[in-house]
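structure.pdb (PDB, C-alpha atoms) appears below.
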ATOM      1  CA  MET A 930     -49.617  28.535  97.217
ATOM      2  CA  SER A 931     -51.128  29.186  93.838
ATOM      3  CA  PHE A 932     -52.377  26.506  91.548
ATOM      4  CA  GLN A 933     -49.683  27.275  89.000
ATOM      5  CA  SER A 934     -46.753  26.950  91.410
ATOM      6  CA  HIS A 935     -48.298  23.850  92.881
ATOM      7  CA  HIS A 936     -48.716  22.429  89.393
ATOM      8  CA  THR A 937     -45.041  23.187  88.547
ATOM      9  CA  ASP A 938     -43.852  21.530  91.736
ATOM     10  CA  MET A 939     -45.957  18.467  90.948
ATOM     11  CA  ALA A 940     -44.546  18.300  87.426
ATOM     12  CA  HIS A 941     -41.045  18.492  88.828
ATOM     13  CA  ALA A 942     -41.784  15.755  91.343
ATOM     14  CA  LYS A 943     -43.257  13.640  88.592
ATOM     15  CA  ASN A 944     -40.042  14.014  86.521
ATOM     16  CA  VAL A 945     -37.918  13.049  89.516
ATOM     17  CA  ASN A 946     -40.109   9.995  90.054
ATOM     18  CA  ASN A 947     -39.768   9.060  86.369
ATOM     19  CA  ARG A 948     -35.987   9.278  86.633
ATOM     20  CA  ASN A 949     -36.037   7.074  89.664
ATOM     21  CA  ARG A 950     -37.979   4.504  87.683
ATOM     22  CA  MET A 951     -35.055   4.155  85.246
ATOM     23  CA  PRO A 952     -33.489   0.734  85.734
ATOM     24  CA  SER A 953     -30.346   0.807  87.857
ATOM     25  CA  CYS A 954     -28.213  -0.723  85.094
ATOM     26  CA  CYS A 955     -29.140   2.186  82.793
ATOM     27  CA  ARG A 956     -28.332   4.736  85.500
ATOM     28  CA  ARG A 957     -24.922   3.081  86.054
ATOM     29  CA  SER A 958     -24.206   3.058  82.307
ATOM     30  CA  LEU A 959     -25.189   6.721  82.042
ATOM     31  CA  LEU A 960     -23.009   7.609  85.012
ATOM     32  CA  PHE A 961     -20.087   5.656  83.567
ATOM     33  CA  ALA A 962     -20.472   7.375  80.192
ATOM     34  CA  CYS A 963     -20.482  10.802  81.870
ATOM     35  CA  LEU A 964     -17.402   9.977  83.919
ATOM     36  CA  LEU A 965     -15.606   8.600  80.893
ATOM     37  CA  ALA A 966     -16.429  11.671  78.818
ATOM     38  CA  SER A 967     -15.260  14.032  81.563
ATOM     39  CA  GLY A 968     -12.043  12.007  81.942
ATOM     40  CA  LEU A 969     -11.367  12.289  78.224
ATOM     41  CA  VAL A 970     -11.906  16.021  78.318
ATOM     42  CA  ILE A 971      -9.577  16.387  81.295
ATOM     43  CA  THR A 972      -6.919  14.222  79.644
ATOM     44  CA  ALA A 973      -7.165  16.140  76.383
ATOM     45  CA  CYS A 974      -6.645  19.450  78.205
ATOM     46  CA  SER A 975      -3.826  18.256  80.421
ATOM     47  CA  ASP A 976      -0.275  19.485  79.891
ATOM     48  CA  GLU A 977       1.112  16.407  81.629
ATOM     49  CA  PRO A 978       2.667  13.725  79.409
ATOM     50  CA  GLU A 979       0.491  10.688  78.908
ATOM     51  CA  ILE A 980       1.489   7.592  80.777
ATOM     52  CA  GLU A 981       1.350   4.753  78.302
ATOM     53  CA  ALA A 982       0.074   1.413  79.391
ATOM     54  CA  SER A 983       3.108  -0.627  80.148
ATOM     55  CA  ALA A 984       3.480  -3.341  77.548
ATOM     56  CA  PRO A 985       5.374  -6.442  78.536
ATOM     57  CA  ALA A 986       9.042  -5.908  77.968
ATOM     58  CA  GLN A 987      10.187  -7.468  74.720
ATOM     59  CA  PRO A 988      13.509  -9.212  74.995
ATOM     60  CA  ALA A 989      16.205  -7.560  72.967
ATOM     61  CA  SER A 990      16.728  -9.490  69.790
ATOM     62  CA  ALA A 991      19.602 -11.840  70.243
ATOM     63  CA  PRO A 992      22.564 -11.150  68.029
ATOM     64  CA  ALA A 993      22.764 -13.424  65.032
ATOM     65  CA  PRO A 994      25.025 -16.380  65.746
ATOM     66  CA  HIS A 995      28.284 -16.566  63.930
ATOM     67  CA  LEU A 996      28.012 -18.476  60.703
ATOM     68  CA  HIS A 997      30.755 -20.919  61.602
ATOM     69  CA  ALA A 998      28.931 -21.818  64.824
ATOM     70  CA  LEU A 999      25.647 -22.864  63.200
ATOM     71  CA  PRO A1000      25.041 -26.579  63.837
ATOM     72  CA  TRP A1001      23.335 -27.018  60.457
ATOM     73  CA  LEU A1002      21.682 -25.050  57.667
ATOM     74  CA  LYS A1003      17.926 -24.781  57.534
ATOM     75  CA  ARG A1004      16.252 -24.760  54.165
ATOM     76  CA  THR A1005      15.312 -21.117  54.742
ATOM     77  CA  ASP A1006      18.794 -19.935  55.738
ATOM     78  CA  PRO A1007      20.106 -17.398  53.244
ATOM     79  CA  THR A1008      23.666 -18.639  53.661
ATOM     80  CA  ASP A1009      25.160 -20.780  50.929
ATOM     81  CA  ALA A1010      26.393 -24.217  51.953
ATOM     82  CA  ASP A1011      29.906 -23.583  50.628
ATOM     83  CA  VAL A1012      30.314 -20.425  52.748
ATOM     84  CA  TRP A1013      28.982 -22.200  55.831
ATOM     85  CA  LEU A1014      31.221 -25.260  55.453
ATOM     86  CA  ALA A1015      34.318 -23.172  54.707
ATOM     87  CA  SER A1016      33.595 -21.003  57.756
ATOM     88  CA  ARG A1017      33.104 -24.067  59.961
ATOM     89  CA  GLU A1018      36.377 -25.506  58.724
ATOM     90  CA  ALA A1019      38.213 -22.224  59.420
ATOM     91  CA  GLY A1020      36.588 -21.858  62.847
ATOM     92  CA  ARG A1021      35.508 -18.306  62.007
ATOM     93  CA  ASP A1022      33.260 -16.522  59.560
ATOM     94  CA  ILE A1023      35.156 -16.033  56.333
ATOM     95  CA  ASP A1024      34.800 -13.940  53.207
ATOM     96  CA  PRO A1025      32.252 -15.489  50.823
ATOM     97  CA  LEU A1026      34.512 -14.538  47.904
ATOM     98  CA  GLY A1027      37.626 -16.128  49.386
ATOM     99  CA  PRO A1028      39.510 -19.118  47.954
ATOM    100  CA  ALA A1029      38.379 -21.484  50.726
ATOM    101  CA  VAL A1030      34.739 -20.897  49.744
ATOM    102  CA  SER A1031      35.594 -21.445  46.089
ATOM    103  CA  GLN A1032      37.239 -24.797  46.924
ATOM    104  CA  MET A1033      34.260 -25.813  49.059
ATOM    105  CA  HIS A1034      31.897 -24.823  46.270
ATOM    106  CA  GLN A1035      33.782 -27.107  43.906
ATOM    107  CA  ARG A1036      33.588 -30.035  46.349
ATOM    108  CA  LEU A1037      29.857 -29.600  46.797
ATOM    109  CA  GLU A1038      29.259 -29.307  43.041
ATOM    110  CA  VAL A1039      31.086 -32.585  42.401
ATOM    111  CA  ALA A1040      29.079 -34.259  45.174
ATOM    112  CA  ALA A1041      25.803 -32.867  43.811
ATOM    113  CA  GLN A1042      26.640 -34.298  40.367
ATOM    114  CA  ARG A1043      27.451 -37.721  41.793
ATOM    115  CA  PHE A1044      24.527 -38.009  44.201
ATOM    116  CA  ARG A1045      20.831 -37.216  44.180
ATOM    117  CA  ASP A1046      21.038 -34.553  46.871
ATOM    118  CA  HIS A1047      21.241 -30.762  46.849
ATOM    119  CA  PRO A1048      24.540 -29.169  48.051
ATOM    120  CA  ARG A1049      22.825 -27.864  51.206
ATOM    121  CA  MET A1050      21.647 -31.387  52.076
ATOM    122  CA  ILE A1051      25.090 -32.796  51.356
ATOM    123  CA  ALA A1052      26.703 -30.196  53.617
ATOM    124  CA  ASN A1053      24.229 -30.886  56.433
ATOM    125  CA  ARG A1054      24.683 -34.669  56.178
ATOM    126  CA  ALA A1055      28.466 -34.385  56.124
ATOM    127  CA  VAL A1056      28.425 -32.232  59.267
ATOM    128  CA  GLN A1057      25.998 -34.643  60.911
ATOM    129  CA  LEU A1058      28.295 -37.557  60.088
ATOM    130  CA  GLU A1059      31.305 -35.594  61.368
ATOM    131  CA  THR A1060      29.493 -35.143  64.685
ATOM    132  CA  MET A1061      28.448 -38.791  64.906
ATOM    133  CA  LEU A1062      31.978 -40.004  64.167
ATOM    134  CA  LYS A1063      33.465 -37.562  66.667
ATOM    135  CA  GLU A1064      31.181 -38.991  69.361
ATOM    136  CA  LYS A1065      32.767 -42.395  68.633
ATOM    137  CA  GLY A1066      36.318 -41.021  68.789
ATOM    138  CA  ILE A1067      36.844 -40.790  64.999
ATOM    139  CA  ASP A1068      38.116 -37.381  63.901
ATOM    140  CA  GLU A1069      37.018 -36.740  60.342
ATOM    141  CA  HIS A1070      35.885 -33.339  59.096
ATOM    142  CA  ALA A1071      32.881 -32.709  56.856
ATOM    143  CA  PRO A1072      34.854 -31.531  53.783
ATOM    144  CA  SER A1073      37.003 -34.651  53.982
ATOM    145  CA  ILE A1074      33.900 -36.820  54.328
ATOM    146  CA  ILE A1075      32.445 -35.273  51.175
ATOM    147  CA  GLU A1076      35.639 -35.969  49.216
ATOM    148  CA  THR A1077      35.872 -39.503  50.571
ATOM    149  CA  LEU A1078      32.286 -40.394  49.739
ATOM    150  CA  CYS A1079      32.660 -38.905  46.234
ATOM    151  CA  GLU A1080      35.308 -41.598  45.624
ATOM    152  CA  VAL A1081      32.685 -44.322  45.962
ATOM    153  CA  PRO A1082      30.922 -43.706  42.642
ATOM    154  CA  GLY A1083      34.029 -42.284  40.992
ATOM    155  CA  ASP A1084      32.966 -40.257  37.953
ATOM    156  CA  ARG A1085      29.540 -41.931  37.692
ATOM    157  CA  ARG A1086      26.277 -40.967  39.282
ATOM    158  CA  TYR A1087      25.587 -43.023  42.383
ATOM    159  CA  VAL A1088      22.429 -45.094  42.636
ATOM    160  CA  GLU A1089      21.656 -44.011  46.197
ATOM    161  CA  SER A1090      21.624 -40.577  47.777
ATOM    162  CA  PHE A1091      24.508 -39.025  49.678
ATOM    163  CA  SER A1092      22.394 -39.313  52.822
ATOM    164  CA  SER A1093      22.037 -43.085  52.582
ATOM    165  CA  LEU A1094      25.733 -43.473  51.789
ATOM    166  CA  THR A1095      26.679 -41.584  54.962
ATOM    167  CA  GLN A1096      24.837 -44.181  57.049
ATOM    168  CA  HIS A1097      26.666 -47.081  55.365
ATOM    169  CA  TYR A1098      29.983 -45.272  55.785
ATOM    170  CA  TYR A1099      29.283 -44.616  59.463
ATOM    171  CA  ASN A1100      28.557 -48.293  60.098
ATOM    172  CA  LEU A1101      31.747 -49.389  58.300
ATOM    173  CA  ARG A1102      33.885 -46.904  60.219
ATOM    174  CA  LEU A1103      32.422 -48.157  63.507
ATOM    175  CA  GLU A1104      33.332 -51.701  62.471
ATOM    176  CA  GLY A1105      36.953 -50.506  62.462
ATOM    177  CA  LEU A1106      37.573 -49.949  58.734
ATOM    178  CA  ASP A1107      39.725 -46.973  57.814
ATOM    179  CA  LYS A1108      38.708 -44.514  55.067
ATOM    180  CA  ALA A1109      40.218 -46.439  52.171
ATOM    181  CA  LYS A1110      38.780 -49.810  53.251
ATOM    182  CA  ALA A1111      35.359 -48.250  53.904
ATOM    183  CA  VAL A1112      35.345 -46.740  50.387
ATOM    184  CA  GLU A1113      36.358 -50.106  48.921
ATOM    185  CA  ALA A1114      33.565 -51.884  50.835
ATOM    186  CA  LEU A1115      31.034 -49.288  49.669
ATOM    187  CA  ARG A1116      32.098 -49.739  46.059
ATOM    188  CA  LYS A1117      31.526 -53.467  46.372
ATOM    189  CA  LEU A1118      28.062 -52.841  47.783
ATOM    190  CA  GLU A1119      27.174 -50.779  44.731
ATOM    191  CA  ASP A1120      28.781 -53.095  42.162
ATOM    192  CA  PRO A1121      29.348 -56.554  43.693
ATOM    193  CA  ALA A1122      30.806 -57.977  40.446
TER
END

Is it possible to give me this structure as structure tokens?
Amino acid sequence: MSFQSHHTDMAHAKNVNNRNRMPSCCRRSLLFACLLASGLVITACSDEPEIEASAPAQPASAPAPHLHALPWLKRTDPTDADVWLASREAGRDIDPLGPAVSQMHQRLEVAAQRFRDHPRMIANRAVQLETMLKEKGIDEHAPSIIETLCEVPGDRRYVESFSSLTQHYYNLRLEGLDKAKAVEALRKLEDPA
């Protein structure tokens, strides 16, 4: 064997030894990078459709509940209180431009002028009171409650809010007073003279 070929073989052996001295974590990373690159090349050249990672199934969006079935109106609900109350009263969603909505709008406007609450709050409180009374066996609907409680201040602005008046009215109705007597008692509370 000539010196040159022996020298080349020694150089090659030295390179192999140097590669073997590479830390095992680096060799694994290099191997992983090579495998990843070859996988990307194979995937890019493949005619097969890609299989997407399965994402968790999203539940189908639930259909919007019917307006008349909403238990109350949130502050962010786009629905007007008059449309909601008229729909509840009809037991079905009704035309926002219909006469029932117009009548409900008028009721809520009168109540808003006589009390310190917004029509949406008045509508929610009236429905809440309707529910509370129904649980005690007293059948009185929210629109009727609004009209009844508007009788308390008459044409004047009431000192308290509609919300606080509903609580007083509830207590009087549970004591056995009918609508007229409850209104009379509430008037005396406001103006005892």

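Here CA of Leu999 in chain A and CA of Val1081 in chain A stand 28.4 Å from one another.
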
| If you measure from CA of Glu1080 in chain A to CA of Val1112 in chain A, what distance in Å do you get, rounded to one decimal? | 7.0 Å

Take the PyMOL selection byres ((chain A and resi 1011) around 10), apply it to the structure above, and return the hits as a tab-separated table (two decimals) with C-alpha atoms, keeping the file's coordinate frame.
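File selection21.tsv, as written:
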chain	number	residue	atom	x	y	z
A	1008	THR	CA	23.67	-18.64	53.66
A	1009	ASP	CA	25.16	-20.78	50.93
A	1010	ALA	CA	26.39	-24.22	51.95
A	1012	VAL	CA	30.31	-20.42	52.75
A	1013	TRP	CA	28.98	-22.20	55.83
A	1014	LEU	CA	31.22	-25.26	55.45
A	1015	ALA	CA	34.32	-23.17	54.71
A	1016	SER	CA	33.60	-21.00	57.76
A	1017	ARG	CA	33.10	-24.07	59.96
A	1025	PRO	CA	32.25	-15.49	50.82
A	1029	ALA	CA	38.38	-21.48	50.73
A	1030	VAL	CA	34.74	-20.90	49.74
A	1031	SER	CA	35.59	-21.44	46.09
A	1032	GLN	CA	37.24	-24.80	46.92
A	1033	MET	CA	34.26	-25.81	49.06
A	1034	HIS	CA	31.90	-24.82	46.27
A	1035	GLN	CA	33.78	-27.11	43.91
A	1036	ARG	CA	33.59	-30.04	46.35
A	1037	LEU	CA	29.86	-29.60	46.80
A	1038	GLU	CA	29.26	-29.31	43.04
A	1048	PRO	CA	24.54	-29.17	48.05
A	1049	ARG	CA	22.82	-27.86	51.21
A	1052	ALA	CA	26.70	-30.20	53.62
A	1072	PRO	CA	34.85	-31.53	53.78

| task | Expand the PyMOL selection byres ((chain A and resi 1056) around 9) into the individual residues it matches in the shown file, reporting them as a VMD selection string. | result | chain A and resid 1000 to 1001 1014 1051 to 1055 1057 to 1061 1070 to 1072 1074

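For the residues A:Ala1114, A:Pro1028, A:Asp1107, A:Arg1085, ranking by smallest atom-to-atom distance to Arg1045 in chain A using all atoms listed in the file places A:Arg1085 first.
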
| Using the chain letters and numbers from the file, which residues does the PyMOL selection byres ((chain A and resi 1100) around 12) grab, as number ranges by chain? | A: 1058, 1061-1062, 1065, 1093-1099, 1101-1108, 1111-1112, 1114-1115

| field | Of the listed residues A:Arg1086, A:His1047, A:Ala998, A:Leu1078, that which approaches Lys1110 in chain A most closely, counting all atoms listed in the file | value | A:Leu1078

| message | Between CA of Tyr1087 in chain A and CA of Ile1067 in chain A, what distance in Å does the model show, to one decimal? | response | 25.4 Å

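Minimum atom-to-atom distance to Ala1040 in chain A, evaluated using only C-alpha atoms, belongs to A:Ile1075 out of A:Ala1109, A:Leu996, A:Ile1075, A:Val1088.
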